[in-house]
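**Student:** I'd like to ask you about the structure that follows.
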Amino acid sequence: MINQNILSSNEVYMTTNKQLHIIPALKDNYIWLLENSHKQCVIVDPGDSLPVINYMAEHQLSPIAILLTHHHSDHVAGALNLQNYYGNLPIFGPDEIDLPITNISTQLAITIADFTFDIILVPGHTLGHVAYYNKPYLFCGDTLFSAGCGRIFEGTYQQMFNSLNKLKALPDNTIVCPAHEYTLSNLKFATHVVPCDRNISHYYQQIANKTITLPTTIAIEKQINLFLRCDELELQKEFAINNDLKLFEFFRTQKDSF
Ligand SMILES: [Zn+2]
């Protein structure tokens with residue numbers, strides 16, 4: 001049974017033989033670590049290096065790889081520092097990233113020690129964006145946020161919509177690890193758009209005083225994330241848009257100017 005309670009800062013918890021760690025960084029980024037039973041870990045989207053180095057030392061962890069989801073600097077800027085600091089740490093990422101990395105864009109999965117990550121192509125926020133899935137953990141960068149989704153900078157609405165639907169199709173107990181703390185502002189938008197939605201307003205109240213609202217789960221997001229609910233007939237009726245992609249476009253453009 002997955003614990004769906006919201007975690008407090010830097011809390012470490014276990015669901016399998018892996019442990020997930022969350023490190024706040026920069027303005028509102030999260031750098032995620034996934035640890036195996038040998039205290040080895042992979043680092044996801046290090047937009048900065050010092051918080052990671054400090055956290056590793058404090059918890060006596062050894063990094064074995066860096067995973068990057070897309071090319072934006074708040075996700076990759078700490079990677080080279082970490083690679084040098086730990087002595088040639090391998091970096092994996094999509095080919096859109098202009099760093100000496102192992103390109104994983106054409107691979108279905110990668111194995112690092114006893115970690116196997118499925119590579120899920122999720123274009124939209126950027127064209128080469130990928131998500132990493134080591135059941136039940138999903139590292140989705142700037143594609144899926146709690147109660148929201150990434151801005152569409154390089155792809156099309158159709159691409160982003162398809163990408164979100166791929167993630168939505170993962171098991172309900174998937175532990176979703178996005179790269180930003182945007183939950184409250186996303187819920188503020190959602191309650192503005194659908195003020196009578198009880199799931200959304202209830203969840204908003206539940207997390208209103210939390211500083212860290214992640215990780216989330218696919219089960220939670222299916223209830224509170226408008227961008228995953230565009231196929232709901234009630235919502236389509238409410239906005240007089242009887243097409244899920246068109247409703248997604250409507251929500252995304254509204255959010256862009258909110
Ligand atoms: Zn980004």
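Numbering starts fresh at 1 for the residues of each chain in the structure tokens, the chains themselves are lettered A, B, ... in the order given, and ligands are numbered from 1 as they appear.
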Check the DSSP output for the backbone and give back, as a PyMOL selection string, the residues of segment 8-217 of chain A in strand (DSSP E).
**Tutor:** chain A and resi 13-14+19-25+29-35+40-44+62-67+91-93+102-103+109-112+115-121+130-134+137-141+144-145+148-149+175-178+216-217
**Student:** Determine, for each residue of chain A having at least one atom at most 7 Å from an atom of ligand 1, the closest pair of atoms and their separation in Å to one decimal, counting only C-alpha atoms and all ligand atoms; order by chain and ascending number, as CSV.
**Tutor:**
```
residue,atom,partner,partner_atom_place_in_ligand_line,distance
A:His70,CA,ligand 1,1 (Zn),6.7
A:His72,CA,ligand 1,1 (Zn),4.9
A:His125,CA,ligand 1,1 (Zn),6.6
A:Asp142,CA,ligand 1,1 (Zn),5.2
```
**Student:** As an exercise, work out the distance from atom CA of Thr213 of chain A to atom CA of Thr183 of chain A in Å and give it to one decimal place.
**Tutor:**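 It comes out at 6.8 Å.
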**Student:** May I have the residues within 9 Å of segment 47-51 of chain A as a list of chain:residue names, using only C-alpha atoms and disregarding those fewer than 2 positions away in the same chain?
**Tutor:**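 Once the adjacent positions are removed, what remains is A:Ile23, A:Pro24, A:Ala25, A:Leu26, A:Asn29, A:Tyr30, A:Ile31, A:Asp45, A:Ile53, A:Asn54, A:Tyr55, A:Met56, A:His72, A:Ser73, A:Asp74, A:His75, A:Val76, A:Ala77, A:Gly78, A:Ala79, A:Leu80, A:Asn81, A:Leu82.
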**Student:** In terms of the shortest atom-to-atom distance over only C-alpha atoms, which of A:Leu170, A:Leu184, A:Ile220, A:Ile175 is closest to Ile207 of chain A?
**Tutor:**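 Selected residue with least distance to Ile207 of chain A: A:Leu184.
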**Student:** Considering only C-alpha atoms, state which residue in the set A:Ile97, A:Ile64, A:Ala219, A:Cys177 is at the smallest distance from Asn134 of chain A.
**Tutor:**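 Of the candidates, the smallest distance to Asn134 of chain A is held by A:Cys177.
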**Student:** Check the DSSP output for the backbone and give back, as number ranges by chain, the residues of segment 12-230 of chain A in alpha helix (DSSP H).
**Tutor:** A: 50-59, 73-76, 79-85, 157-168, 183-193, 198-207, 218-224
**Student:** Between A:Val193, A:Leu187, A:Ile91, A:Cys230, which residue has the minimum interatomic distance to Gln205 of chain A, considering only C-alpha atoms?
**Tutor:**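 Nearest candidate to Gln205 of chain A out of A:Val193, A:Leu187, A:Ile91, A:Cys230: A:Leu187.
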**Student:** May I ask which of the residues A:Asp98, A:Gln223, A:Leu61, A:Ile66 is the closest one to Asn84 of chain A, counting only C-alpha atoms?
**Tutor:**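 Distance minimum relative to Asn84 of chain A lands on A:Ile66.
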**Student:** Give me, as a ChimeraX atom specification, all polymer residues having an atom no more than 9 Å from Asp28 of chain A, counting only C-alpha atoms and skipping those fewer than 6 positions away in the same chain.
**Tutor:** /A:179-182
**Student:** Write the selection just made, keeping N, CA, C and O atoms, as a PDB file, in the first residue's frame?
**Tutor:**
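Contents of again-v8.pdb, as written:
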```
ATOM      1  N   ALA A 179       9.630  17.866 -11.144  1.00  0.00           N
ATOM      2  CA  ALA A 179      10.834  18.633 -10.816  1.00  0.00           C
ATOM      3  C   ALA A 179      10.559  20.007 -10.222  1.00  0.00           C
ATOM      4  O   ALA A 179      11.493  20.749  -9.951  1.00  0.00           O
ATOM      5  N   HIS A 180       9.295  20.350  -9.996  1.00  0.00           N
ATOM      6  CA  HIS A 180       9.013  21.675  -9.420  1.00  0.00           C
ATOM      7  C   HIS A 180       7.895  21.622  -8.384  1.00  0.00           C
ATOM      8  O   HIS A 180       6.968  20.820  -8.499  1.00  0.00           O
ATOM      9  N   GLU A 181       7.989  22.529  -7.426  1.00  0.00           N
ATOM     10  CA  GLU A 181       6.912  22.721  -6.449  1.00  0.00           C
ATOM     11  C   GLU A 181       5.961  23.793  -6.992  1.00  0.00           C
ATOM     12  O   GLU A 181       6.118  24.974  -6.710  1.00  0.00           O
ATOM     13  N   TYR A 182       5.024  23.352  -7.820  1.00  0.00           N
ATOM     14  CA  TYR A 182       4.041  24.270  -8.394  1.00  0.00           C
ATOM     15  C   TYR A 182       2.629  23.937  -7.924  1.00  0.00           C
ATOM     16  O   TYR A 182       1.655  24.499  -8.439  1.00  0.00           O
TER      17      TYR A 182
END
```
**Student:** To one decimal place, how far is atom CA of Phe251 of chain A from atom CA of Lys188 of chain A in Å?
**Tutor:**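 Atom CA of Lys188 of chain A lies at a distance of 13.3 Å from atom CA of Phe251 of chain A.
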**Student:** Rounded to one decimal in Å, what is the spacing between atom CA of Ile110 of chain A and atom CA of Tyr157 of chain A?
**Tutor:**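 Result for atom CA of Ile110 of chain A versus atom CA of Tyr157 of chain A: 28.4 Å, one decimal.
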**Student:** Need the shell around Ala169 of chain A: protein/DNA/RNA residues with any atom at most 12 Å away, counting only C-alpha atoms. Skip same-chain ones fewer than 5 positions apart. Format as a PyMOL selection string?
**Tutor:** chain A and resi 120+162-164+174+218-219+221-222+228
**Student:** Leaving out segment 246-248 of chain A and any residue of its chain fewer than 2 positions from it, which residues lie within 10 Å of it when counting only C-alpha atoms, given as a list in words?
**Tutor:**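 So, after excluding close chain neighbours, the residues are Tyr157, Gln158, Met160, Phe161, Leu226, Phe227, Leu228, Arg229, Cys230, Asp231, Glu232, Leu235, Gln236, Phe239, Ala240, Ile241, Asn242, Asn243, Asp244, Phe250, Phe251, Arg252, Thr253 and Gln254 of chain A.
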**Student:** Restrict the selected residues to C-alpha atoms and save them as a CSV table (one decimal), in the first residue's frame.
**Tutor:**
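Result file is result-v6.csv:
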```
chain,number,residue,atom,x,y,z
A,157,TYR,CA,-0.7,20.6,-27.8
A,158,GLN,CA,-1.2,17.2,-29.4
A,160,MET,CA,1.9,17.2,-24.8
A,161,PHE,CA,-1.5,15.7,-24.6
A,226,LEU,CA,-7.5,19.0,-14.9
A,227,PHE,CA,-5.0,18.3,-17.6
A,228,LEU,CA,-5.5,14.5,-17.0
A,229,ARG,CA,-9.3,14.9,-16.9
A,230,CYS,CA,-10.1,16.3,-20.3
A,231,ASP,CA,-11.9,13.1,-21.3
A,232,GLU,CA,-14.5,13.7,-18.5
A,235,LEU,CA,-16.0,18.9,-17.8
A,236,GLN,CA,-16.6,18.8,-21.5
A,239,PHE,CA,-17.1,24.2,-21.0
A,240,ALA,CA,-19.1,23.3,-24.1
A,241,ILE,CA,-16.0,21.6,-25.7
A,242,ASN,CA,-16.8,18.0,-26.7
A,243,ASN,CA,-13.3,17.0,-27.6
A,244,ASP,CA,-10.6,16.0,-25.1
A,250,PHE,CA,-8.3,25.4,-23.6
A,251,PHE,CA,-7.1,24.6,-20.0
A,252,ARG,CA,-3.4,25.0,-21.1
A,253,THR,CA,-3.9,28.4,-22.8
A,254,GLN,CA,-6.0,29.6,-19.8
```
**Student:** Between A:Leu138, A:Val122, A:Ile200, A:Leu245, single out the one closest to Thr217 of chain A, counting only C-alpha atoms.
**Tutor:**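 Using only C-alpha atoms, the shortest distance to Thr217 of chain A belongs to A:Leu138.
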**Student:** Have a look at A:Thr126, A:Asn36, A:Thr143, A:Ser185 and name the one nearest to Gly155 of chain A; count only C-alpha atoms.
**Tutor:**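 For Gly155 of chain A, the nearest of the candidates is A:Thr126.
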